[in-house]
>>> print(open('start-v8.cif').read())   # mmCIF, C-alpha atoms
data_input
loop_
_atom_site.label_atom_id
_atom_site.label_comp_id
_atom_site.auth_asym_id
_atom_site.auth_seq_id
_atom_site.Cartn_x
_atom_site.Cartn_y
_atom_site.Cartn_z
CA MET B 1 72.89 -39.91 76.24
CA GLU B 2 69.52 -38.59 77.21
CA ARG B 3 70.40 -35.19 75.76
CA LEU B 4 71.36 -36.74 72.41
CA SER B 5 67.98 -38.55 72.20
CA ARG B 6 66.10 -35.33 72.77
CA ILE B 7 68.09 -33.53 70.08
CA ASN B 8 67.45 -36.27 67.53
CA PHE B 9 63.72 -36.26 68.25
CA ARG B 10 63.40 -32.54 67.85
CA HIS B 11 65.41 -32.45 64.62
CA PHE B 12 63.71 -35.36 62.85
CA PHE B 13 60.14 -35.52 64.14
CA TRP B 14 58.66 -32.48 62.35
CA PRO B 15 60.52 -32.96 59.02
CA GLY B 16 59.36 -36.57 59.05
CA MET B 17 55.77 -35.58 59.63
CA ALA B 18 55.95 -33.16 56.69
CA VAL B 19 57.21 -35.89 54.38
CA LEU B 20 54.47 -38.28 55.51
CA THR B 21 51.85 -35.61 54.85
CA LEU B 22 53.09 -35.05 51.31
CA VAL B 23 53.14 -38.76 50.53
CA ALA B 24 49.64 -39.27 51.89
CA GLY B 25 48.32 -36.34 49.81
CA ALA B 26 49.85 -37.73 46.63
CA ILE B 27 48.27 -41.13 47.23
CA ILE B 28 44.85 -39.60 47.86
CA PHE B 29 44.83 -37.34 44.78
CA ASP B 30 46.22 -40.03 42.43
CA ALA B 31 43.76 -42.68 43.58
CA PRO B 32 41.16 -43.73 40.94
CA VAL B 33 37.58 -42.61 41.45
CA ALA B 34 35.44 -45.31 42.89
CA GLU B 35 32.65 -46.63 40.70
CA ASN B 36 30.00 -45.43 43.11
CA THR B 37 31.33 -41.85 43.10
CA PRO B 38 28.80 -39.48 41.47
CA SER B 39 30.36 -38.23 38.22
CA ALA B 40 29.08 -35.46 35.95
CA ASP B 41 27.22 -37.98 33.78
CA LEU B 42 25.62 -39.67 36.78
CA TRP B 43 24.58 -36.28 38.10
CA SER B 44 22.95 -35.27 34.81
CA ASN B 45 21.09 -38.60 34.65
CA ARG B 46 19.95 -38.41 38.24
CA TYR B 47 18.96 -34.74 38.11
CA PRO B 48 17.98 -34.01 34.49
CA SER B 49 16.01 -30.92 35.50
CA GLN B 50 19.26 -29.24 36.49
CA GLN B 51 20.54 -29.33 32.88
CA PRO B 52 19.72 -26.47 30.45
CA VAL B 53 17.15 -27.41 27.79
CA MET B 54 18.20 -26.43 24.23
CA ASP B 55 15.30 -25.89 21.78
CA PRO B 56 15.93 -26.86 18.14
CA VAL B 57 16.72 -23.87 15.95
CA THR B 58 13.82 -23.15 13.60
CA PRO B 59 13.57 -20.32 11.05
CA GLY B 60 11.63 -17.35 12.32
CA PRO B 61 9.24 -15.14 10.34
CA ALA B 62 12.06 -12.79 9.38
CA ASP B 63 14.16 -15.68 8.02
CA THR B 64 11.24 -17.02 5.97
CA ALA B 65 10.43 -13.59 4.57
CA LEU B 66 14.07 -13.10 3.63
CA GLN B 67 14.13 -16.42 1.77
CA VAL B 68 11.00 -15.48 -0.17
CA GLN B 69 12.49 -12.07 -0.97
CA GLU B 70 15.72 -13.64 -2.22
CA GLY B 71 13.69 -16.06 -4.36
CA PHE B 72 11.86 -13.20 -6.05
CA ASN B 73 15.08 -11.26 -6.57
CA LEU B 74 16.67 -14.27 -8.22
CA ALA B 75 13.64 -14.86 -10.46
CA VAL B 76 13.63 -11.22 -11.60
CA SER B 77 17.38 -11.23 -12.27
CA LYS B 78 16.98 -14.26 -14.55
CA VAL B 79 14.33 -12.66 -16.75
CA ARG B 80 14.63 -8.88 -16.68
CA PRO B 81 17.78 -8.52 -18.84
CA ALA B 82 16.00 -10.33 -21.70
CA VAL B 83 12.80 -8.22 -21.58
CA VAL B 84 12.54 -5.54 -24.26
CA SER B 85 10.20 -2.81 -25.42
CA VAL B 86 8.64 -3.29 -28.84
CA SER B 87 7.55 -0.14 -30.70
CA GLN B 88 5.59 0.45 -33.87
CA SER B 89 6.07 3.48 -36.05
CA LEU B 90 3.89 6.51 -35.51
CA ASN B 91 1.77 5.80 -38.57
CA SER B 92 0.90 2.26 -37.43
CA ALA B 93 -2.75 1.71 -36.61
CA LEU B 94 -3.50 1.38 -32.90
CA ALA B 95 -6.64 -0.55 -32.00
CA GLN B 96 -8.91 1.15 -29.52
CA ALA B 97 -9.72 -0.76 -26.36
CA ASP B 98 -13.40 -1.29 -25.52
CA THR B 99 -14.79 -1.79 -22.06
CA GLY B 100 -14.93 -5.32 -20.70
CA MET B 101 -12.70 -8.09 -22.01
CA THR B 102 -10.10 -6.74 -24.39
CA LEU B 103 -6.68 -7.47 -25.74
CA LEU B 104 -3.99 -5.31 -24.20
CA ASP B 105 -3.03 -2.38 -26.37
CA PRO B 106 0.45 -0.97 -26.72
CA TYR B 107 0.92 2.29 -24.88
CA PRO B 108 0.77 5.25 -27.32
CA GLY B 109 4.26 6.62 -26.73
CA LYS B 110 5.72 9.77 -28.26
CA ALA B 111 7.63 7.85 -30.93
CA GLY B 112 4.89 5.28 -31.53
CA PRO B 113 2.90 2.57 -29.72
CA VAL B 114 5.03 0.73 -27.15
CA GLY B 115 4.49 -2.86 -26.01
CA SER B 116 6.75 -5.55 -24.57
CA GLY B 117 8.55 -8.71 -25.58
CA PHE B 118 11.27 -11.11 -24.47
CA ILE B 119 14.20 -12.85 -26.14
CA ILE B 120 14.01 -16.61 -26.49
CA GLU B 121 17.11 -17.22 -28.63
CA PRO B 122 20.58 -15.63 -28.31
CA ASN B 123 20.61 -14.72 -32.00
CA GLY B 124 17.75 -12.28 -31.57
CA TYR B 125 14.38 -14.04 -31.75
CA VAL B 126 11.73 -12.25 -29.70
CA ILE B 127 8.26 -13.32 -28.59
CA THR B 128 5.55 -10.68 -28.31
CA THR B 129 1.85 -10.44 -29.16
CA GLY B 130 0.07 -9.79 -32.44
CA GLN B 131 -1.60 -6.81 -30.80
CA THR B 132 1.84 -5.33 -30.14
CA VAL B 133 3.04 -5.44 -33.74
CA GLY B 134 -0.33 -4.67 -35.32
CA GLN B 135 -0.07 -4.59 -39.13
CA ALA B 136 3.59 -3.62 -39.11
CA LYS B 137 6.18 -5.68 -40.97
CA GLN B 138 9.03 -4.12 -39.05
CA VAL B 139 9.21 -2.84 -35.48
CA ARG B 140 11.78 -1.28 -33.18
CA VAL B 141 13.18 -3.31 -30.27
CA THR B 142 14.75 -1.44 -27.35
CA PHE B 143 17.12 -2.94 -24.76
CA PHE B 144 17.73 -1.44 -21.34
CA SER B 145 20.02 -4.01 -19.67
CA SER B 146 23.31 -2.34 -20.66
CA GLY B 147 22.42 1.11 -21.87
CA LYS B 148 19.50 2.00 -24.06
CA ARG B 149 20.03 0.29 -27.42
CA GLU B 150 17.58 0.14 -30.30
CA TYR B 151 17.39 -2.30 -33.21
CA GLN B 152 15.11 -2.90 -36.14
CA ALA B 153 13.32 -6.24 -36.12
CA ASP B 154 11.32 -8.10 -38.77
CA VAL B 155 7.94 -9.60 -37.97
CA ILE B 156 8.53 -13.25 -38.91
CA ARG B 157 5.16 -14.72 -38.04
CA VAL B 158 1.88 -13.88 -36.34
CA ASP B 159 -0.47 -16.56 -35.02
CA PRO B 160 -4.03 -15.20 -34.72
CA GLU B 161 -5.16 -18.26 -32.73
CA THR B 162 -2.85 -17.40 -29.85
CA ASP B 163 -2.29 -13.69 -30.57
CA LEU B 164 1.45 -14.33 -30.49
CA ALA B 165 4.08 -12.93 -32.82
CA LEU B 166 7.70 -13.86 -33.49
CA LEU B 167 10.31 -11.22 -34.31
CA LYS B 168 13.91 -11.42 -35.53
CA ILE B 169 16.28 -8.61 -34.65
CA ARG B 170 18.43 -7.42 -37.54
CA THR B 171 21.85 -8.01 -36.03
CA ARG B 172 24.49 -10.67 -35.52
CA GLU B 173 24.91 -9.83 -31.85
CA ILE B 174 24.30 -12.33 -29.05
CA PHE B 175 21.66 -11.45 -26.46
CA PRO B 176 20.59 -12.74 -23.01
CA THR B 177 17.58 -15.04 -23.12
CA VAL B 178 14.79 -16.12 -20.81
CA LEU B 179 14.27 -19.66 -19.56
CA LEU B 180 11.03 -21.18 -20.81
CA GLY B 181 9.03 -23.18 -18.27
CA ASN B 182 6.26 -25.74 -18.61
CA SER B 183 2.92 -23.95 -18.37
CA ASP B 184 1.10 -27.29 -18.00
CA LEU B 185 2.54 -27.55 -14.48
CA THR B 186 1.12 -24.26 -13.24
CA GLU B 187 -1.42 -24.39 -10.43
CA VAL B 188 -3.90 -21.95 -8.99
CA GLY B 189 -2.25 -20.06 -6.16
CA ASP B 190 1.26 -20.14 -7.66
CA MET B 191 3.11 -16.85 -7.20
CA VAL B 192 3.97 -15.10 -10.46
CA LEU B 193 5.65 -11.95 -11.74
CA ALA B 194 4.65 -9.85 -14.75
CA VAL B 195 7.44 -7.94 -16.49
CA GLY B 196 6.98 -5.36 -19.22
CA SER B 197 6.61 -1.69 -20.14
CA PRO B 198 3.24 -0.56 -18.75
CA PHE B 199 2.45 2.97 -19.88
CA GLY B 200 5.98 3.19 -21.29
CA PHE B 201 7.80 2.43 -18.01
CA SER B 202 10.49 -0.02 -19.11
CA ARG B 203 10.93 -3.47 -17.55
CA THR B 204 8.52 -2.88 -14.69
CA VAL B 205 7.88 -5.85 -12.39
CA THR B 206 4.57 -6.58 -10.66
CA MET B 207 3.62 -9.53 -8.46
CA GLY B 208 0.52 -11.67 -8.00
CA ILE B 209 -0.74 -15.22 -8.13
CA ILE B 210 -2.37 -17.47 -10.68
CA SER B 211 -6.04 -16.81 -10.01
CA SER B 212 -7.39 -19.43 -12.40
CA ASN B 213 -6.10 -21.78 -15.07
CA LYS B 214 -7.21 -23.06 -18.48
CA CYS B 215 -9.73 -20.25 -18.82
CA LYS B 216 -11.94 -20.37 -21.90
CA ILE B 217 -12.28 -16.74 -23.01
CA ASN B 218 -13.81 -15.13 -26.09
CA ILE B 219 -12.06 -11.88 -27.00
CA ASP B 220 -13.16 -9.85 -30.00
CA GLY B 221 -14.55 -12.97 -31.66
CA THR B 222 -11.46 -15.14 -31.06
CA LYS B 223 -11.82 -18.08 -28.69
CA PHE B 224 -8.87 -18.78 -26.42
CA PRO B 225 -9.26 -22.23 -24.77
CA ASP B 226 -6.72 -22.24 -21.94
CA LEU B 227 -5.60 -18.80 -20.82
CA ILE B 228 -3.86 -18.23 -17.48
CA GLN B 229 -5.67 -15.74 -15.24
CA THR B 230 -3.60 -13.65 -12.82
CA ASP B 231 -4.10 -10.72 -10.46
CA ALA B 232 -0.60 -9.35 -11.11
CA ALA B 233 -0.97 -5.75 -12.32
CA ILE B 234 -0.95 -5.79 -16.14
CA ASN B 235 -1.71 -2.62 -18.07
CA ARG B 236 -1.39 -1.13 -21.53
CA GLY B 237 2.19 -1.62 -22.65
CA ASN B 238 2.50 -4.96 -20.80
CA ASP B 239 1.22 -6.76 -23.90
CA GLY B 240 3.81 -9.28 -25.05
CA GLY B 241 5.72 -9.26 -21.76
CA PRO B 242 6.46 -12.48 -19.84
CA LEU B 243 4.53 -13.99 -16.97
CA VAL B 244 7.18 -15.60 -14.77
CA ASN B 245 7.02 -18.23 -12.03
CA ILE B 246 9.04 -18.16 -8.80
CA LYS B 247 11.84 -20.15 -10.49
CA GLY B 248 12.39 -17.37 -13.02
CA GLU B 249 10.83 -19.39 -15.86
CA VAL B 250 8.48 -17.83 -18.39
CA ILE B 251 5.13 -19.63 -18.24
CA GLY B 252 2.97 -17.19 -20.19
CA VAL B 253 2.74 -14.15 -22.46
CA ASN B 254 0.64 -11.29 -21.11
CA MET B 255 -2.05 -10.40 -23.63
CA ALA B 256 -5.49 -9.45 -22.24
CA SER B 257 -7.23 -7.74 -19.35
CA PHE B 258 -10.75 -7.31 -18.02
CA VAL B 259 -11.51 -3.59 -17.64
CA PRO B 260 -15.24 -3.04 -17.09
CA ASN B 261 -16.11 0.62 -17.63
CA ASN B 262 -12.39 1.26 -18.11
CA GLN B 263 -11.78 0.43 -14.45
CA TYR B 264 -8.86 -1.67 -13.24
CA SER B 265 -10.20 -5.00 -11.95
CA GLY B 266 -7.09 -7.04 -11.15
CA ILE B 267 -8.14 -9.64 -13.73
CA SER B 268 -5.66 -10.23 -16.53
CA PHE B 269 -4.76 -13.08 -18.83
CA ALA B 270 -1.67 -14.64 -20.40
CA VAL B 271 -1.23 -17.15 -23.21
CA PRO B 272 0.45 -20.30 -21.82
CA ILE B 273 4.00 -20.53 -23.09
CA ASN B 274 3.38 -24.10 -24.26
CA ASP B 275 0.91 -22.69 -26.80
CA ALA B 276 3.79 -20.77 -28.36
CA LEU B 277 5.68 -23.93 -29.32
CA LYS B 278 4.02 -24.26 -32.73
CA LEU B 279 5.00 -20.64 -33.42
CA LEU B 280 8.62 -21.46 -32.56
CA ASN B 281 9.11 -24.91 -34.02
CA GLY B 282 11.19 -24.79 -37.16
CA THR B 283 11.71 -21.02 -36.90
CA ALA B 284 13.79 -19.96 -33.89
CA ARG B 285 16.91 -22.05 -34.36
#
>>> encode(input="start-v8.cif", output="structure tokens")
Amino acid sequence: MERLSRINFRHFFWPGMAVLTLVAGAIIFDAPVAENTPSADLWSNRYPSQQPVMDPVTPGPADTALQVQEGFNLAVSKVRPAVVSVSQSLNSALAQADTGMTLLDPYPGKAGPVGSGFIIEPNGYVITTGQTVGQAKQVRVTFFSSGKREYQADVIRVDPETDLALLKIRTREIFPTVLLGNSDLTEVGDMVLAVGSPFGFSRTVTMGIISSNKCKINIDGTKFPDLIQTDAAINRGNDGGPLVNIKGEVIGVNMASFVPNNQYSGISFAVPINDALKLLNGTAR
């Protein structure tokens, strides 16, 4: 009898202890966490310095410069396809520029004086300056946006008060146009682009700011009451080209420059595009 008791104890004691251990472990691990047990949230609140500090993401200088660059690229892409060269014939009279304040002259190209212009209506109406067309009744308009194409254009009207001229291309084709802005909203310091054909280089783009506004200038006996002054590079051949704001809107027509002793001064002028409305009303439709 005593032997049987010893056998039973040996055979059942250790397996029983193993089962009890497993049950106790299951109870411990399944038990809910007590409310006073430090959790991750309690730890972060109690020791905030242990948590990583995340700074808000702000654009850096490179990001800002890239945004400005993309803005200029977009503005140029809106206007440049509608900018053209305007040429007189070789026998057209070309006014000679004097020192000081002067209207911009067309560049004396091989085939005739070359100025600039831009299309305002899909059916071929072009704005340029009176200085660009001179005394001519017809001029040649050259496109560069999809291959070099040339057309004859009639001089519809010239306004000596603004030195602006309106042309009509002799074709039934449809052309890209510029977007006209509101020149009354321009402010000193606004960034601008000048597009044209300086010295015969087609559709060249230069950049500057509006240096002054509503300038009262007397040029060759004609008083201009509200010209836009800019430091964007504008040279012979830029006459009639657009002055463009950062939105890609035309706010002026480049027409004059200050060249004391025939030296570049960085002082140029454009006719506000709002002054061209009377030239357009009832004509470009």
>>> closest_residue(input="start-v8.cif", among="B:Val244, B:Val83, B:Asp275, B:Gln152", to="Thr204 (chain B)", atoms="only C-alpha atoms")
B:Val83
>>> atom_distance(input="start-v8.cif", atom1="CA of Ala276 (chain B)", atom2="CA of Asn123 (chain B)")
18.2 Å
>>> resolve_selection(input="start-v8.cif", expression="the PyMOL selection byres ((chain B and resi 246) around 8)", output="list in words")
Gly71, Phe72, Ala75, Met191, Val192, Leu193, Val244, Asn245, Lys247, Gly248 and Glu249 of chain B
>>> resolve_selection(input="start-v8.cif", expression="the PyMOL selection byres ((chain B and resi 265) around 12)", output="PyMOL selection string")
chain B and resi 99-101+230-235+257-264+266-269
>>> resolve_selection(input="start-v8.cif", expression="the PyMOL selection byres ((chain B and resi 125) around 8)", output="list in words")
Ile119, Ile120, Glu121, Pro122, Asn123, Gly124, Val126, Ile127, Leu166, Leu167, Lys168, Ile169 and Ala284 of chain B
>>> atom_distance(input="start-v8.cif", atom1="CA of Thr186 (chain B)", atom2="CA of Ser145 (chain B)")
28.4 Å
>>> closest_residue(input="start-v8.cif", among="B:Asn213, B:Pro113, B:Asn73, B:Thr129", to="Thr162 (chain B)", atoms="only C-alpha atoms")
B:Thr129
>>> atom_distance(input="start-v8.cif", atom1="CA of Ile174 (chain B)", atom2="CA of Gln135 (chain B)")
27.5 Å
>>> closest_residue(input="start-v8.cif", among="B:Leu243, B:Ala65, B:Leu164, B:Ile273", to="Gly196 (chain B)", atoms="all atoms listed in the file")
B:Leu243
>>> axis_aligned_box(input="start-v8.cif", around="region 261-272 of chain B", padding_each_side="8 Å", output="JSON")
{"center_x": -7.8, "center_y": -9.5, "center_z": -17.2, "size_x": 32.6, "size_y": 37.6, "size_z": 28.1}
>>> residues_near_point(input="start-v8.cif", point="(6.1, 3.9, -23.5)", cutoff="7 Å", atoms="all atoms listed in the file", output="PyMOL selection string")
chain B and resi 107-109+114+197+199-201+237
>>> residues_around(input="start-v8.cif", residues="Ile210 (chain B)", least_positions_apart="2", cutoff="6 Å", atoms="only C-alpha atoms", output="ChimeraX atom specification")
/B:188-190,212,229-230
>>> closest_residue(input="start-v8.cif", among="B:Pro225, B:Pro61, B:Gly181, B:Gly147", to="Ile251 (chain B)", atoms="only C-alpha atoms")
B:Gly181
>>> closest_residue(input="start-v8.cif", among="B:Ala153, B:Leu185, B:Ile217, B:Leu279", to="Leu103 (chain B)", atoms="all atoms listed in the file")
B:Ile217
>>> closest_residue(input="start-v8.cif", among="B:Val139, B:Met255, B:Val250, B:Val178", to="Asp105 (chain B)", atoms="only C-alpha atoms")
B:Met255
>>> decode(input="start-v8.cif", residues="region 223-250 of chain B", atoms="N, CA, C and O atoms", output="tab-separated table (two decimals), in the first residue's frame")
chain	number	residue	atom	x	y	z
B	223	LYS	N	2.72	114.63	-76.02
B	223	LYS	CA	2.63	114.42	-74.58
B	223	LYS	C	1.90	113.12	-74.29
B	223	LYS	O	0.77	112.92	-74.73
B	224	PHE	N	2.56	112.26	-73.54
B	224	PHE	CA	1.96	111.00	-73.11
B	224	PHE	C	1.70	111.11	-71.60
B	224	PHE	O	2.64	111.28	-70.82
B	225	PRO	N	0.43	111.01	-71.16
B	225	PRO	CA	0.10	111.34	-69.77
B	225	PRO	C	0.31	110.23	-68.75
B	225	PRO	O	0.38	110.51	-67.55
B	226	ASP	N	0.40	108.98	-69.16
B	226	ASP	CA	0.39	107.91	-68.15
B	226	ASP	C	1.19	106.68	-68.58
B	226	ASP	O	0.71	105.55	-68.49
B	227	LEU	N	2.40	106.90	-69.03
B	227	LEU	CA	3.22	105.77	-69.48
B	227	LEU	C	3.70	104.93	-68.30
B	227	LEU	O	3.86	105.42	-67.18
B	228	ILE	N	3.95	103.65	-68.58
B	228	ILE	CA	4.52	102.73	-67.59
B	228	ILE	C	6.03	102.71	-67.79
B	228	ILE	O	6.52	102.45	-68.89
B	229	GLN	N	6.77	102.98	-66.72
B	229	GLN	CA	8.24	102.92	-66.80
B	229	GLN	C	8.72	101.58	-66.28
B	229	GLN	O	8.23	101.07	-65.26
B	230	THR	N	9.67	100.97	-66.98
B	230	THR	CA	10.20	99.67	-66.58
B	230	THR	C	11.71	99.64	-66.79
B	230	THR	O	12.25	100.39	-67.62
B	231	ASP	N	12.39	98.77	-66.03
B	231	ASP	CA	13.82	98.57	-66.24
B	231	ASP	C	14.10	97.28	-67.01
B	231	ASP	O	15.27	96.89	-67.16
B	232	ALA	N	13.05	96.61	-67.51
B	232	ALA	CA	13.26	95.45	-68.38
B	232	ALA	C	13.98	95.94	-69.64
B	232	ALA	O	13.68	97.01	-70.17
B	233	ALA	N	14.95	95.17	-70.11
B	233	ALA	CA	15.74	95.57	-71.28
B	233	ALA	C	14.85	95.67	-72.51
B	233	ALA	O	14.25	94.68	-72.95
B	234	ILE	N	14.75	96.88	-73.08
B	234	ILE	CA	13.95	97.14	-74.28
B	234	ILE	C	14.83	97.93	-75.25
B	234	ILE	O	15.33	99.01	-74.91
B	235	ASN	N	15.01	97.40	-76.43
B	235	ASN	CA	15.91	98.00	-77.41
B	235	ASN	C	15.22	98.18	-78.75
B	235	ASN	O	14.03	97.88	-78.90
B	236	ARG	N	15.95	98.69	-79.72
B	236	ARG	CA	15.40	98.86	-81.06
B	236	ARG	C	14.92	97.50	-81.58
B	236	ARG	O	15.64	96.51	-81.53
B	237	GLY	N	13.72	97.48	-82.08
B	237	GLY	CA	13.10	96.23	-82.53
B	237	GLY	C	12.09	95.72	-81.52
B	237	GLY	O	11.24	94.90	-81.86
B	238	ASN	N	12.16	96.19	-80.26
B	238	ASN	CA	11.15	95.85	-79.26
B	238	ASN	C	9.88	96.68	-79.41
B	238	ASN	O	8.87	96.39	-78.76
B	239	ASP	N	9.95	97.74	-80.22
B	239	ASP	CA	8.80	98.62	-80.37
B	239	ASP	C	7.57	97.83	-80.84
B	239	ASP	O	7.62	97.09	-81.81
B	240	GLY	N	6.48	98.00	-80.12
B	240	GLY	CA	5.25	97.29	-80.47
B	240	GLY	C	5.08	95.96	-79.76
B	240	GLY	O	4.00	95.36	-79.81
B	241	GLY	N	6.12	95.49	-79.08
B	241	GLY	CA	6.02	94.23	-78.36
B	241	GLY	C	5.29	94.40	-77.04
B	241	GLY	O	5.14	95.51	-76.52
B	242	PRO	N	4.82	93.31	-76.44
B	242	PRO	CA	4.03	93.41	-75.20
B	242	PRO	C	4.88	93.51	-73.95
B	242	PRO	O	5.96	92.92	-73.86
B	243	LEU	N	4.37	94.26	-72.98
B	243	LEU	CA	4.88	94.24	-71.61
B	243	LEU	C	3.91	93.39	-70.82
B	243	LEU	O	2.70	93.65	-70.81
B	244	VAL	N	4.40	92.36	-70.15
B	244	VAL	CA	3.57	91.29	-69.61
B	244	VAL	C	3.76	91.19	-68.11
B	244	VAL	O	4.89	91.27	-67.60
B	245	ASN	N	2.66	91.00	-67.37
B	245	ASN	CA	2.77	90.81	-65.92
B	245	ASN	C	3.02	89.34	-65.60
B	245	ASN	O	3.07	88.48	-66.49
B	246	ILE	N	3.16	89.01	-64.32
B	246	ILE	CA	3.51	87.66	-63.90
B	246	ILE	C	2.40	86.66	-64.19
B	246	ILE	O	2.63	85.45	-64.22
B	247	LYS	N	1.18	87.14	-64.44
B	247	LYS	CA	0.06	86.26	-64.78
B	247	LYS	C	0.04	85.90	-66.26
B	247	LYS	O	-0.79	85.10	-66.68
B	248	GLY	N	0.92	86.51	-67.05
B	248	GLY	CA	0.91	86.27	-68.48
B	248	GLY	C	-0.04	87.19	-69.23
B	248	GLY	O	-0.37	86.94	-70.39
B	249	GLU	N	-0.47	88.28	-68.58
B	249	GLU	CA	-1.39	89.24	-69.21
B	249	GLU	C	-0.61	90.43	-69.76
B	249	GLU	O	0.32	90.92	-69.12
B	250	VAL	N	-1.02	90.90	-70.93
B	250	VAL	CA	-0.38	92.07	-71.51
B	250	VAL	C	-0.93	93.32	-70.82
B	250	VAL	O	-2.14	93.56	-70.82
